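**Q** Quick one: this structure, given as structure tokens, is what I'll be asking you about.
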Amino acid sequence: MGLPTTIAIDGPAASGKSTLGSLLAKELGYLYFDTGVMYRAVTLAVIRAGLDVAAEEAVGKLAGDVRIDVSPPSVDDGRDYDVLLDGEDVTWEIRADAVNDYVSDISVYAAVRKAMTDQQRRIAKENKVVMVGRDIGTVVMPDADLKIYLDASVEVRAQRRYDEMVARNQPSDYDDVLRSLKNRDQIDSNRELAPLKPADDAVVINADDLGILDVLEKAKELVYRV
Ligand code: DC
């Protein structure tokens, strides 16, 4: 058997899964695809359109109408990729607090999930890929060659996210970060459709006591032994 060509990485917000996915994809020369950016781009579109987040039908329709493209980075400012919403570069805007606050609510809707899942499956079919998200191993690529679920306690994740924000000179408050992560965990794990959970055949890595390079080493061991 050769190397796995489809790798799913799932886990809660701020577990380090995006960093792991990006490093692993570079190591293997595969496409790195962070599916969270699609849900974030739809959320930004909803906010910009002035739609009520609770208006499921209108939000679902908008999700089907917008065009989201993720492509190699065109600007050397620390980004791993460009995210385009109807052609406009929104790579950094989708990280805004307002998007963080609403993205989990919008990700619950069936029409939103269907629009995103269809596109993600198409990308997975066309590429050797490391795909990162919440439901990649369970729903988007249930036949992935390797599934990793990266976990860490909410306190450790909040501390890391807080430290990152301080390092970027972004004013922040640890308790606010913790509260926001707990809220997203709650919604992501308890929704009816495609909730956050490890696939039965996923390998769970707990990163509480591991730095990102230790996590990468563990993931590489799994890749090269499959
Ligand atoms: O990984 P992230 O923080 O960028 O994800 C943002 C939100 O998008 C997350 O809270 C839930 C949603 N999401 C999802 O429902 N399914 C995915 N595969 C990826 C993200």
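Each chain in the structure tokens gets a letter, A, B and so on, in the order shown; residues start at 1 in every chain, and ligands are counted from 1 in the order they appear.
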List the spatial neighbours of Arg40 of chain A as a ChimeraX atom specification - criterion: any atom at most 12 Å away, only C-alpha atoms, same-chain residues fewer than 4 positions off excluded.
**A** /A:34-36,44-47,63,68,83-85,90-107,112,116,133
**Q** Need to verify the contact set: Glu56 of chain A, 10 Å, only C-alpha atoms, exclusion of same-chain residues closer than 4 positions in sequence. Can you return it as a list in words?
**A** Leu51, Asp52, Gly60, Lys61, Leu62, Asp105, Ile106, Val108, Tyr109, Ala110, Ala111 and Val112 of chain A
**Q** Would you please work out which residue, of A:Val154, A:Ile212, A:Ile9, A:Val223, is nearest to ligand 1 when using only C-alpha atoms and all ligand atoms?
**A**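 Of all the options, A:Ile9 lies closest to ligand 1.
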**Q** Suppose you want the space between atom CA of Ala219 of chain A and atom CA of Pro72 of chain A; what is it in Å?
**A** 23.7 Å
**Q** Can you check which residues of segment 25-211 of chain A DSSP gives as strand (DSSP E or B) on the backbone and send them as a list in words?
**A**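 Put together, the selection reads Leu31, Tyr32, Phe33, Asp34, Ile68, Asp69, Val70, Ser71, Asp82, Val83, Leu84, Leu85, Glu88, Asp89, Val129, Val130, Met131, Val132, Gly133, Leu146, Lys147, Ile148, Tyr149, Leu150, Asp151, Val203, Val204, Ile205 and Asn206 of chain A.
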**Q** State, in Å with one decimal place, the distance from atom CA of Ser180 of chain A to atom CA of Val204 of chain A.
**A** 23.8 Å
**Q** Which is closer to Leu150 of chain A than all the others in A:Arg113, A:Lys17, A:Arg134, A:Arg168, using only C-alpha atoms?
**A** A:Lys17
**Q** Rank A:Asp143, A:Glu88, A:Glu57, A:Asp185 by their smallest atom-to-atom distance to ligand 1, using only C-alpha atoms and all ligand atoms, and report the top residue only.
**A**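 Among the listed residues, the smallest separation from ligand 1 belongs to A:Asp185.
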**Q** Check the smallest atom-to-atom distance from each of A:Ala158, A:Val140, A:Ala199, A:Met165 to ligand 1 using only C-alpha atoms and all ligand atoms, then report the winner.
**A** A:Val140
**Q** Per DSSP on the backbone, what are the alpha helix (DSSP H) residues of chain A, as a PyMOL selection string?
**A** chain A and resi 17-28+36-48+56-65+97-106+110-126+154-167+174-190+212-225
**Q** Residues within 10 Å of Arg161 of chain A, please, as number ranges by chain. Count only C-alpha atoms; anything in the same chain fewer than 6 positions from it doesn't count.
**A** A: 13-16, 155, 167, 172, 174, 177-178, 181
**Q** How about saving the chosen residues, N, CA, C and O atoms kept, as a PDB file, in the first residue's frame?
**A**
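This is the output file out-v5.pdb:
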ATOM      1  N   ALA A  13     -12.558  23.904  17.735  1.00  0.00           N
ATOM      2  CA  ALA A  13     -11.919  25.185  17.423  1.00  0.00           C
ATOM      3  C   ALA A  13     -10.625  25.329  18.219  1.00  0.00           C
ATOM      4  O   ALA A  13     -10.568  24.963  19.402  1.00  0.00           O
ATOM      5  N   ALA A  14      -9.603  25.834  17.558  1.00  0.00           N
ATOM      6  CA  ALA A  14      -8.323  26.167  18.203  1.00  0.00           C
ATOM      7  C   ALA A  14      -7.580  24.957  18.765  1.00  0.00           C
ATOM      8  O   ALA A  14      -6.791  25.091  19.689  1.00  0.00           O
ATOM      9  N   SER A  15      -7.809  23.783  18.182  1.00  0.00           N
ATOM     10  CA  SER A  15      -7.074  22.601  18.648  1.00  0.00           C
ATOM     11  C   SER A  15      -5.714  22.496  17.958  1.00  0.00           C
ATOM     12  O   SER A  15      -4.892  21.660  18.317  1.00  0.00           O
ATOM     13  N   GLY A  16      -5.485  23.322  16.945  1.00  0.00           N
ATOM     14  CA  GLY A  16      -4.224  23.270  16.196  1.00  0.00           C
ATOM     15  C   GLY A  16      -4.364  22.476  14.904  1.00  0.00           C
ATOM     16  O   GLY A  16      -3.383  22.226  14.211  1.00  0.00           O
ATOM     17  N   GLU A 155      -9.567  24.725  28.054  1.00  0.00           N
ATOM     18  CA  GLU A 155      -8.696  25.702  28.722  1.00  0.00           C
ATOM     19  C   GLU A 155      -7.362  25.843  27.975  1.00  0.00           C
ATOM     20  O   GLU A 155      -6.853  26.948  27.775  1.00  0.00           O
ATOM     21  N   ALA A 167       0.254  37.997  20.799  1.00  0.00           N
ATOM     22  CA  ALA A 167       1.452  38.079  19.953  1.00  0.00           C
ATOM     23  C   ALA A 167       1.185  38.930  18.713  1.00  0.00           C
ATOM     24  O   ALA A 167       2.087  39.552  18.163  1.00  0.00           O
ATOM     25  N   SER A 172      -7.233  41.511  23.805  1.00  0.00           N
ATOM     26  CA  SER A 172      -8.008  40.305  24.029  1.00  0.00           C
ATOM     27  C   SER A 172      -8.146  40.041  25.520  1.00  0.00           C
ATOM     28  O   SER A 172      -7.393  40.580  26.320  1.00  0.00           O
ATOM     29  N   TYR A 174      -8.705  36.719  28.221  1.00  0.00           N
ATOM     30  CA  TYR A 174      -8.721  35.252  28.294  1.00  0.00           C
ATOM     31  C   TYR A 174     -10.134  34.727  28.557  1.00  0.00           C
ATOM     32  O   TYR A 174     -10.581  33.767  27.924  1.00  0.00           O
ATOM     33  N   VAL A 177     -12.250  34.789  25.471  1.00  0.00           N
ATOM     34  CA  VAL A 177     -11.845  33.755  24.508  1.00  0.00           C
ATOM     35  C   VAL A 177     -12.394  32.409  24.971  1.00  0.00           C
ATOM     36  O   VAL A 177     -12.952  31.638  24.188  1.00  0.00           O
ATOM     37  N   LEU A 178     -12.254  32.124  26.267  1.00  0.00           N
ATOM     38  CA  LEU A 178     -12.736  30.852  26.823  1.00  0.00           C
ATOM     39  C   LEU A 178     -14.245  30.713  26.628  1.00  0.00           C
ATOM     40  O   LEU A 178     -14.752  29.672  26.193  1.00  0.00           O
ATOM     41  N   LEU A 181     -15.107  30.054  22.932  1.00  0.00           N
ATOM     42  CA  LEU A 181     -14.789  28.677  22.503  1.00  0.00           C
ATOM     43  C   LEU A 181     -15.799  27.687  23.068  1.00  0.00           C
ATOM     44  O   LEU A 181     -16.242  26.773  22.370  1.00  0.00           O
TER      45      LEU A 181
END
**Q** To one decimal place in Å, what is the distance between atom CA of Val215 of chain A and atom CA of Arg184 of chain A?
**A**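 Spanning atom CA of Val215 of chain A to atom CA of Arg184 of chain A is a straight-line distance of 23.3 Å.
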**Q** Need to verify the contact set: Asp135 of chain A, 10 Å, only C-alpha atoms, exclusion of same-chain residues closer than 2 positions in sequence. Can you return it as a PyMOL selection string?
**A** chain A and resi 8-11+35+117+132-133+137-142+188+193-199
